[in-house]
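Containing mmCIF, C-alpha atoms: data07.cif.
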```cif
data_structure
#
loop_
_atom_site.label_atom_id
_atom_site.label_comp_id
_atom_site.auth_asym_id
_atom_site.auth_seq_id
_atom_site.Cartn_x
_atom_site.Cartn_y
_atom_site.Cartn_z
CA MET Z 1 67.29 26.47 147.00
CA SER Z 2 70.27 28.34 145.67
CA VAL Z 3 70.45 32.13 145.60
CA LEU Z 4 70.58 31.97 141.80
CA LYS Z 5 67.33 30.00 141.68
CA THR Z 6 65.60 32.93 143.38
CA PHE Z 7 66.40 35.20 140.44
CA TRP Z 8 66.30 32.77 137.48
CA ASP Z 9 63.34 30.68 136.37
CA GLU Z 10 63.44 27.19 134.84
CA MET Z 11 63.93 28.61 131.33
CA GLY Z 12 66.93 30.65 132.39
CA HIS Z 13 65.10 33.99 132.32
CA TYR Z 14 65.82 36.64 134.93
CA ASN Z 15 62.88 36.44 137.29
CA GLU Z 16 62.82 39.91 138.86
CA LEU Z 17 61.10 43.09 137.78
CA ARG Z 18 62.18 46.47 139.07
CA LEU Z 19 59.62 49.23 139.31
CA HIS Z 20 61.05 52.69 138.73
CA THR Z 21 59.51 55.75 140.31
CA PHE Z 22 56.30 56.93 138.65
CA MET Z 23 56.87 60.56 139.64
CA GLU Z 24 59.42 62.63 141.49
CA GLY Z 25 58.66 63.51 145.09
CA MET Z 26 58.42 61.94 148.54
CA LEU Z 27 57.78 58.17 148.55
CA ILE Z 28 55.44 57.22 151.41
CA PRO Z 29 53.62 54.07 152.55
CA VAL Z 30 50.24 53.68 150.83
CA GLU Z 31 48.76 53.09 154.28
CA GLU Z 32 49.26 56.83 154.94
CA VAL Z 33 46.97 57.79 152.04
CA SER Z 34 43.59 59.14 153.19
CA ASP Z 35 41.58 57.13 150.61
CA PRO Z 36 40.75 53.70 152.13
CA VAL Z 37 40.52 52.05 148.69
CA PHE Z 38 44.28 52.58 148.45
CA SER Z 39 45.35 52.59 152.12
CA ARG Z 40 43.66 49.24 152.79
CA ASN Z 41 45.16 47.65 149.66
CA ILE Z 42 41.68 46.83 148.34
CA LEU Z 43 42.87 46.97 144.71
CA GLY Z 44 46.28 45.45 145.47
CA GLU Z 45 49.57 46.32 147.12
CA GLY Z 46 50.83 49.77 146.43
CA ILE Z 47 52.97 52.76 147.28
CA ALA Z 48 52.37 56.51 147.18
CA VAL Z 49 54.25 59.68 146.24
CA ILE Z 50 53.68 63.25 147.33
CA PRO Z 51 54.68 64.82 144.00
CA GLU Z 52 57.24 67.57 143.56
CA GLU Z 53 57.04 67.50 139.74
CA SER Z 54 53.88 67.58 137.61
CA LEU Z 55 54.63 64.56 135.45
CA LEU Z 56 53.48 60.93 135.69
CA ILE Z 57 56.08 58.60 134.15
CA SER Z 58 55.98 54.91 133.36
CA PRO Z 59 57.56 52.75 136.08
CA ILE Z 60 58.04 49.79 133.69
CA ASP Z 61 58.30 48.80 130.06
CA GLY Z 62 54.83 47.84 128.93
CA ILE Z 63 51.63 48.74 127.12
CA VAL Z 64 49.14 51.40 128.20
CA ARG Z 65 45.98 49.30 128.56
CA HIS Z 66 43.49 51.82 129.91
CA ILE Z 67 43.23 55.58 130.43
CA LEU Z 68 40.36 57.10 132.35
CA ARG Z 69 38.42 59.77 130.44
CA SER Z 70 39.23 62.27 133.16
CA ALA Z 71 42.95 61.70 132.40
CA HIS Z 72 43.93 61.37 136.07
CA SER Z 73 44.69 57.63 135.94
CA CYS Z 74 45.97 54.91 133.64
CA CYS Z 75 46.83 51.20 133.68
CA ILE Z 76 49.96 49.60 132.27
CA GLU Z 77 50.52 45.93 131.53
CA GLY Z 78 54.10 44.75 131.78
CA ALA Z 79 56.11 41.59 131.31
CA ARG Z 80 54.78 38.30 132.61
CA GLY Z 81 51.26 39.62 133.14
CA ILE Z 82 51.89 42.27 135.78
CA GLU Z 83 49.38 45.13 135.74
CA LEU Z 84 49.76 48.51 137.42
CA LEU Z 85 47.24 51.22 138.19
CA LEU Z 86 48.76 54.72 138.31
CA HIS Z 87 46.47 57.27 139.96
CA ILE Z 88 47.24 61.00 140.19
CA GLY Z 89 45.86 62.68 143.31
CA LEU Z 90 42.99 61.65 145.55
CA ASN Z 91 39.39 62.10 144.36
CA THR Z 92 40.72 63.96 141.31
CA VAL Z 93 38.17 62.18 139.11
CA GLU Z 94 35.91 65.02 140.28
CA MET Z 95 38.07 67.49 138.31
CA ASN Z 96 36.76 65.98 135.04
CA GLY Z 97 40.12 66.22 133.30
CA ARG Z 98 40.81 69.84 134.26
CA GLY Z 99 44.53 70.21 134.99
CA PHE Z 100 45.53 66.93 133.25
CA ARG Z 101 47.05 66.42 129.78
CA LEU Z 102 47.51 62.96 128.28
CA LEU Z 103 50.85 62.30 126.61
CA VAL Z 104 50.08 58.70 125.52
CA ASN Z 105 47.24 56.70 123.99
CA GLU Z 106 45.65 53.38 124.92
CA GLY Z 107 47.55 50.51 123.27
CA GLN Z 108 50.79 52.50 123.11
CA GLU Z 109 54.05 50.79 124.07
CA VAL Z 110 56.06 52.65 126.70
CA LYS Z 111 59.46 52.27 128.34
CA ALA Z 112 60.27 52.91 131.99
CA GLY Z 113 60.71 56.66 132.38
CA ASP Z 114 58.47 57.64 129.44
CA PRO Z 115 56.08 60.52 130.23
CA LEU Z 116 52.41 59.47 130.48
CA ILE Z 117 50.38 62.38 131.87
CA ARG Z 118 51.26 65.99 132.66
CA PHE Z 119 49.24 67.51 135.49
CA SER Z 120 49.05 70.63 137.64
CA ILE Z 121 49.84 70.15 141.32
CA GLU Z 122 48.61 73.69 141.91
CA GLU Z 123 45.27 73.13 140.17
CA ILE Z 124 44.70 69.91 142.11
CA ALA Z 125 45.37 71.70 145.41
CA GLU Z 126 43.30 74.77 144.43
CA SER Z 127 40.40 72.42 143.63
CA GLY Z 128 40.57 71.11 147.20
CA TYR Z 129 42.15 67.72 146.48
CA SER Z 130 45.37 66.08 147.60
CA PRO Z 131 48.04 65.65 144.90
CA THR Z 132 49.31 62.51 146.68
CA SER Z 133 49.49 59.87 143.95
CA VAL Z 134 49.40 56.10 144.05
CA LEU Z 135 50.82 53.10 142.21
CA VAL Z 136 48.87 49.89 142.80
CA ILE Z 137 49.85 46.42 141.59
CA THR Z 138 46.40 45.23 140.51
CA GLU Z 139 47.66 41.96 138.98
CA MET Z 140 50.89 40.19 139.94
CA GLY Z 141 50.89 37.97 136.85
CA GLU Z 142 53.61 35.33 137.17
CA TYR Z 143 55.21 37.14 140.13
CA ASP Z 144 54.34 36.48 143.75
CA LYS Z 145 56.43 38.80 145.97
CA VAL Z 146 56.94 42.53 146.10
CA LYS Z 147 59.46 44.45 148.19
CA PHE Z 148 59.10 48.22 148.24
CA SER Z 149 62.16 50.45 148.62
CA PRO Z 150 62.77 52.56 151.71
CA TYR Z 151 60.60 55.66 151.87
CA GLY Z 152 61.98 59.11 151.16
CA SER Z 153 62.80 61.39 148.26
CA VAL Z 154 62.70 59.78 144.78
CA LYS Z 155 63.86 61.07 141.40
CA LYS Z 156 63.30 59.79 137.87
CA GLY Z 157 65.03 56.43 137.39
CA ASP Z 158 65.06 55.47 141.08
CA ILE Z 159 63.95 51.91 141.89
CA ILE Z 160 60.89 51.90 144.17
CA ALA Z 161 60.16 48.16 144.24
CA GLN Z 162 61.52 44.74 143.32
CA ILE Z 163 59.05 42.10 142.27
CA ARG Z 164 59.81 38.38 142.08
#
```
Can the structure in the file be given as structure tokens, please?
Amino acid sequence: MSVLKTFWDEMGHYNELRLHTFMEGMLIPVEEVSDPVFSRNILGEGIAVIPEESLLISPIDGIVRHILRSAHSCCIEGARGIELLLHIGLNTVEMNGRGFRLLVNEGQEVKAGDPLIRFSIEEIAESGYSPTSVLVITEMGEYDKVKFSPYGSVKKGDIIAQIR
């Protein structure tokens, strides 16, 4: 198989999706997250960020498919059937929306880097929860491999994963 075949499908379409960071902060392995639903990859492969900024941003171009009423989590569907769960903090559903402000609506088209949810790191911590946030690939769609970027500090626009 040629190197080009790895990146191009039979129709001549580029066959790689790049996930951009979903928030600025420290990128860490999802296995280090204290919630076993995420750390054991029960919902799918993922990666986590210890946030330094209070803004969740879209990692891909896509459509916002679901937003939890408590505004701490949303799902985005991207090209070729990929679906992502973006979850702010751990056990923050218990905050019942306090400290979270939606910036998008269900069904809205978004581009990578668009703001989705503004939140308060301080309010999350003061409520006794971890602000560590998670991106989970809940559906790979037509893709079958994911390679996460090296861990460390990430800023808006940084690539955190390549999916083929």
Item to complete: Name the residues that the PyMOL selection byres ((chain Z and resi 100) around 7) picks from the file above, as a PyMOL selection string, using the file's chain letters and numbers.
Response: chain Z and resi 71-72+97-99+101-102+117-120
Determine the residue membership of the PyMOL selection byres ((chain Z and resi 137) around 8) for the file above and supply it as a PDB file with C-alpha atoms, in the coordinates of the input.
```pdb
ATOM      1  CA  LEU Z  43      42.870  46.970 144.710  1.00  0.00           C
ATOM      2  CA  GLY Z  44      46.280  45.450 145.470  1.00  0.00           C
ATOM      3  CA  GLU Z  45      49.570  46.320 147.120  1.00  0.00           C
ATOM      4  CA  GLY Z  46      50.830  49.770 146.430  1.00  0.00           C
ATOM      5  CA  ILE Z  82      51.890  42.270 135.780  1.00  0.00           C
ATOM      6  CA  GLU Z  83      49.380  45.130 135.740  1.00  0.00           C
ATOM      7  CA  LEU Z  84      49.760  48.510 137.420  1.00  0.00           C
ATOM      8  CA  LEU Z  85      47.240  51.220 138.190  1.00  0.00           C
ATOM      9  CA  LEU Z 135      50.820  53.100 142.210  1.00  0.00           C
ATOM     10  CA  VAL Z 136      48.870  49.890 142.800  1.00  0.00           C
ATOM     11  CA  THR Z 138      46.400  45.230 140.510  1.00  0.00           C
ATOM     12  CA  GLU Z 139      47.660  41.960 138.980  1.00  0.00           C
ATOM     13  CA  MET Z 140      50.890  40.190 139.940  1.00  0.00           C
TER      14      MET Z 140
END
```
Fill in: Explicit residue set for the PyMOL selection byres ((chain Z and resi 30) around 8), as a list in words
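Applying the PyMOL selection byres ((chain Z and resi 30) around 8) to the structure shown produces Ile28, Pro29, Glu31, Glu32, Val33, Phe38, Ser39, Asn41, Gly46, Ile47, Ala48 and Val134 of chain Z.
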Taking all listed atoms of segment 42-55 of chain Z, build the axis-aligned box, pad each of the six sides by 6 Å, then write its centre and edge lengths in Å to one decimal as AutoDock Vina command-line options.
```
--center_x 49.5 --center_y 56.5 --center_z 141.9 --size_x 27.6 --size_y 34.1 --size_z 24.9
```
Practice prompt. For Glu142 of chain Z, list every protein, DNA or RNA residue within 9 Å, evaluated using only C-alpha atoms, and leave out those in the same chain fewer than 4 positions away; present the list as an MDAnalysis selection string.
Written response: chainID Z and resid 79:82 164
Worksheet item: Restricting the calculation to all atoms listed in the file, which member of Z:Gly128, Z:Pro36, Z:Gly78, Z:Gly152 is positioned closest to Ile50 of chain Z?
Response: Z:Gly152
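Counting all atoms listed in the file and comparing Z:Ile88, Z:Ala112, Z:Ile42, Z:Val104, the residue that lies closest to Ile159 of chain Z is Z:Ala112.
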Item to complete: Using all atoms listed in the file, find the one residue out of Z:Ser130, Z:Thr21, Z:Leu103, Z:Asp35 that sits nearest to Leu86 of chain Z.
Response: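 Ranked by minimum distance to Leu86 of chain Z, first place goes to Z:Thr21.
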Discussion item. For Pro115 of chain Z, find every residue with an atom within 7 Å (counting all atoms listed in the file), except residues of its own chain fewer than 6 positions away, and show them as a list in words.
Written reply: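 Once the adjacent positions are removed, what remains is Leu55, Leu56, Ile57, Ser58 and Leu103 of chain Z.
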Discussion item. Rounded to one decimal, what separation in Å do you get between atom CA of Val146 of chain Z and atom CA of Asp158 of chain Z?
Written reply: 16.1 Å
Worksheet item: Which polymer residues have any atom within 8 Å of an atom of Lys155 of chain Z, counting only C-alpha atoms, with same-chain residues fewer than 6 positions away left out, as a PyMOL selection string?
Response: chain Z and resi 21+23-25
Please provide the set of residues having any atom within 8 Å of Gly107 of chain Z, restricted to all atoms listed in the file, with same-chain residues fewer than 5 positions apart removed, written as a PDB file with C-alpha atoms, keeping the file's coordinate frame.
```pdb
ATOM      1  CA  ILE Z  63      51.630  48.740 127.120  1.00  0.00           C
ATOM      2  CA  VAL Z  64      49.140  51.400 128.200  1.00  0.00           C
ATOM      3  CA  ARG Z  65      45.980  49.300 128.560  1.00  0.00           C
ATOM      4  CA  HIS Z  66      43.490  51.820 129.910  1.00  0.00           C
TER       5      HIS Z  66
END
```
Practice prompt. Would you work out the distance separating atom CA of Ala161 of chain Z from atom CA of His20 of chain Z, expressed in Å to one decimal?
Written response: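 Those two atoms sit 7.2 Å apart.
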Practice prompt. Quick one: pull the distance between atom CA of Gly62 of chain Z and atom CA of Tyr143 of chain Z, Å, one decimal.
Written response: 15.5 Å
Discussion item. Given all atoms listed in the file as the basis, pick out the residue of Z:Pro51, Z:Lys147, Z:Ile67, Z:Gly157 nearest to Ala125 of chain Z.
Written reply: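 Using all atoms listed in the file, the shortest distance to Ala125 of chain Z belongs to Z:Pro51.
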Have segment 68-83 of chain Z completed to N, CA and C atoms, please, and pass it along as a PDB file, in the coordinates of the input.
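And here's out13.pdb as it stands now:
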```pdb
ATOM      1  N   LEU Z  68      41.655  56.566 131.988  1.00  0.00           N
ATOM      2  CA  LEU Z  68      40.360  57.100 132.350  1.00  0.00           C
ATOM      3  C   LEU Z  68      40.077  58.381 131.576  1.00  0.00           C
ATOM      4  N   ARG Z  69      38.816  58.594 131.217  1.00  0.00           N
ATOM      5  CA  ARG Z  69      38.420  59.770 130.440  1.00  0.00           C
ATOM      6  C   ARG Z  69      38.841  61.069 131.107  1.00  0.00           C
ATOM      7  N   SER Z  70      38.851  61.073 132.418  1.00  0.00           N
ATOM      8  CA  SER Z  70      39.230  62.270 133.160  1.00  0.00           C
ATOM      9  C   SER Z  70      40.740  62.495 133.192  1.00  0.00           C
ATOM     10  N   ALA Z  71      41.491  61.594 132.594  1.00  0.00           N
ATOM     11  CA  ALA Z  71      42.950  61.700 132.400  1.00  0.00           C
ATOM     12  C   ALA Z  71      43.767  61.730 133.684  1.00  0.00           C
ATOM     13  N   HIS Z  72      43.194  61.350 134.800  1.00  0.00           N
ATOM     14  CA  HIS Z  72      43.930  61.370 136.070  1.00  0.00           C
ATOM     15  C   HIS Z  72      44.503  59.996 136.437  1.00  0.00           C
ATOM     16  N   SER Z  73      44.278  58.987 135.600  1.00  0.00           N
ATOM     17  CA  SER Z  73      44.690  57.630 135.940  1.00  0.00           C
ATOM     18  C   SER Z  73      44.862  56.790 134.679  1.00  0.00           C
ATOM     19  N   CYS Z  74      45.792  55.841 134.759  1.00  0.00           N
ATOM     20  CA  CYS Z  74      45.970  54.910 133.640  1.00  0.00           C
ATOM     21  C   CYS Z  74      46.473  53.569 134.176  1.00  0.00           C
ATOM     22  N   CYS Z  75      46.363  52.551 133.336  1.00  0.00           N
ATOM     23  CA  CYS Z  75      46.830  51.200 133.680  1.00  0.00           C
ATOM     24  C   CYS Z  75      47.862  50.766 132.651  1.00  0.00           C
ATOM     25  N   ILE Z  76      48.902  50.109 133.142  1.00  0.00           N
ATOM     26  CA  ILE Z  76      49.960  49.600 132.270  1.00  0.00           C
ATOM     27  C   ILE Z  76      50.136  48.116 132.529  1.00  0.00           C
ATOM     28  N   GLU Z  77      50.229  47.354 131.445  1.00  0.00           N
ATOM     29  CA  GLU Z  77      50.520  45.930 131.530  1.00  0.00           C
ATOM     30  C   GLU Z  77      51.975  45.725 131.160  1.00  0.00           C
ATOM     31  N   GLY Z  78      52.688  45.008 132.010  1.00  0.00           N
ATOM     32  CA  GLY Z  78      54.100  44.750 131.780  1.00  0.00           C
ATOM     33  C   GLY Z  78      54.387  43.292 131.530  1.00  0.00           C
ATOM     34  N   ALA Z  79      55.651  42.951 131.557  1.00  0.00           N
ATOM     35  CA  ALA Z  79      56.110  41.590 131.310  1.00  0.00           C
ATOM     36  C   ALA Z  79      55.492  40.606 132.302  1.00  0.00           C
ATOM     37  N   ARG Z  80      55.242  39.425 131.795  1.00  0.00           N
ATOM     38  CA  ARG Z  80      54.780  38.300 132.610  1.00  0.00           C
ATOM     39  C   ARG Z  80      53.447  38.550 133.296  1.00  0.00           C
ATOM     40  N   GLY Z  81      52.628  39.424 132.688  1.00  0.00           N
ATOM     41  CA  GLY Z  81      51.260  39.620 133.140  1.00  0.00           C
ATOM     42  C   GLY Z  81      51.046  40.597 134.279  1.00  0.00           C
ATOM     43  N   ILE Z  82      52.079  41.297 134.706  1.00  0.00           N
ATOM     44  CA  ILE Z  82      51.890  42.270 135.780  1.00  0.00           C
ATOM     45  C   ILE Z  82      51.083  43.457 135.259  1.00  0.00           C
ATOM     46  N   GLU Z  83      50.185  43.973 136.094  1.00  0.00           N
ATOM     47  CA  GLU Z  83      49.380  45.130 135.740  1.00  0.00           C
ATOM     48  C   GLU Z  83      49.436  46.156 136.864  1.00  0.00           C
TER      49      GLU Z  83
END
```
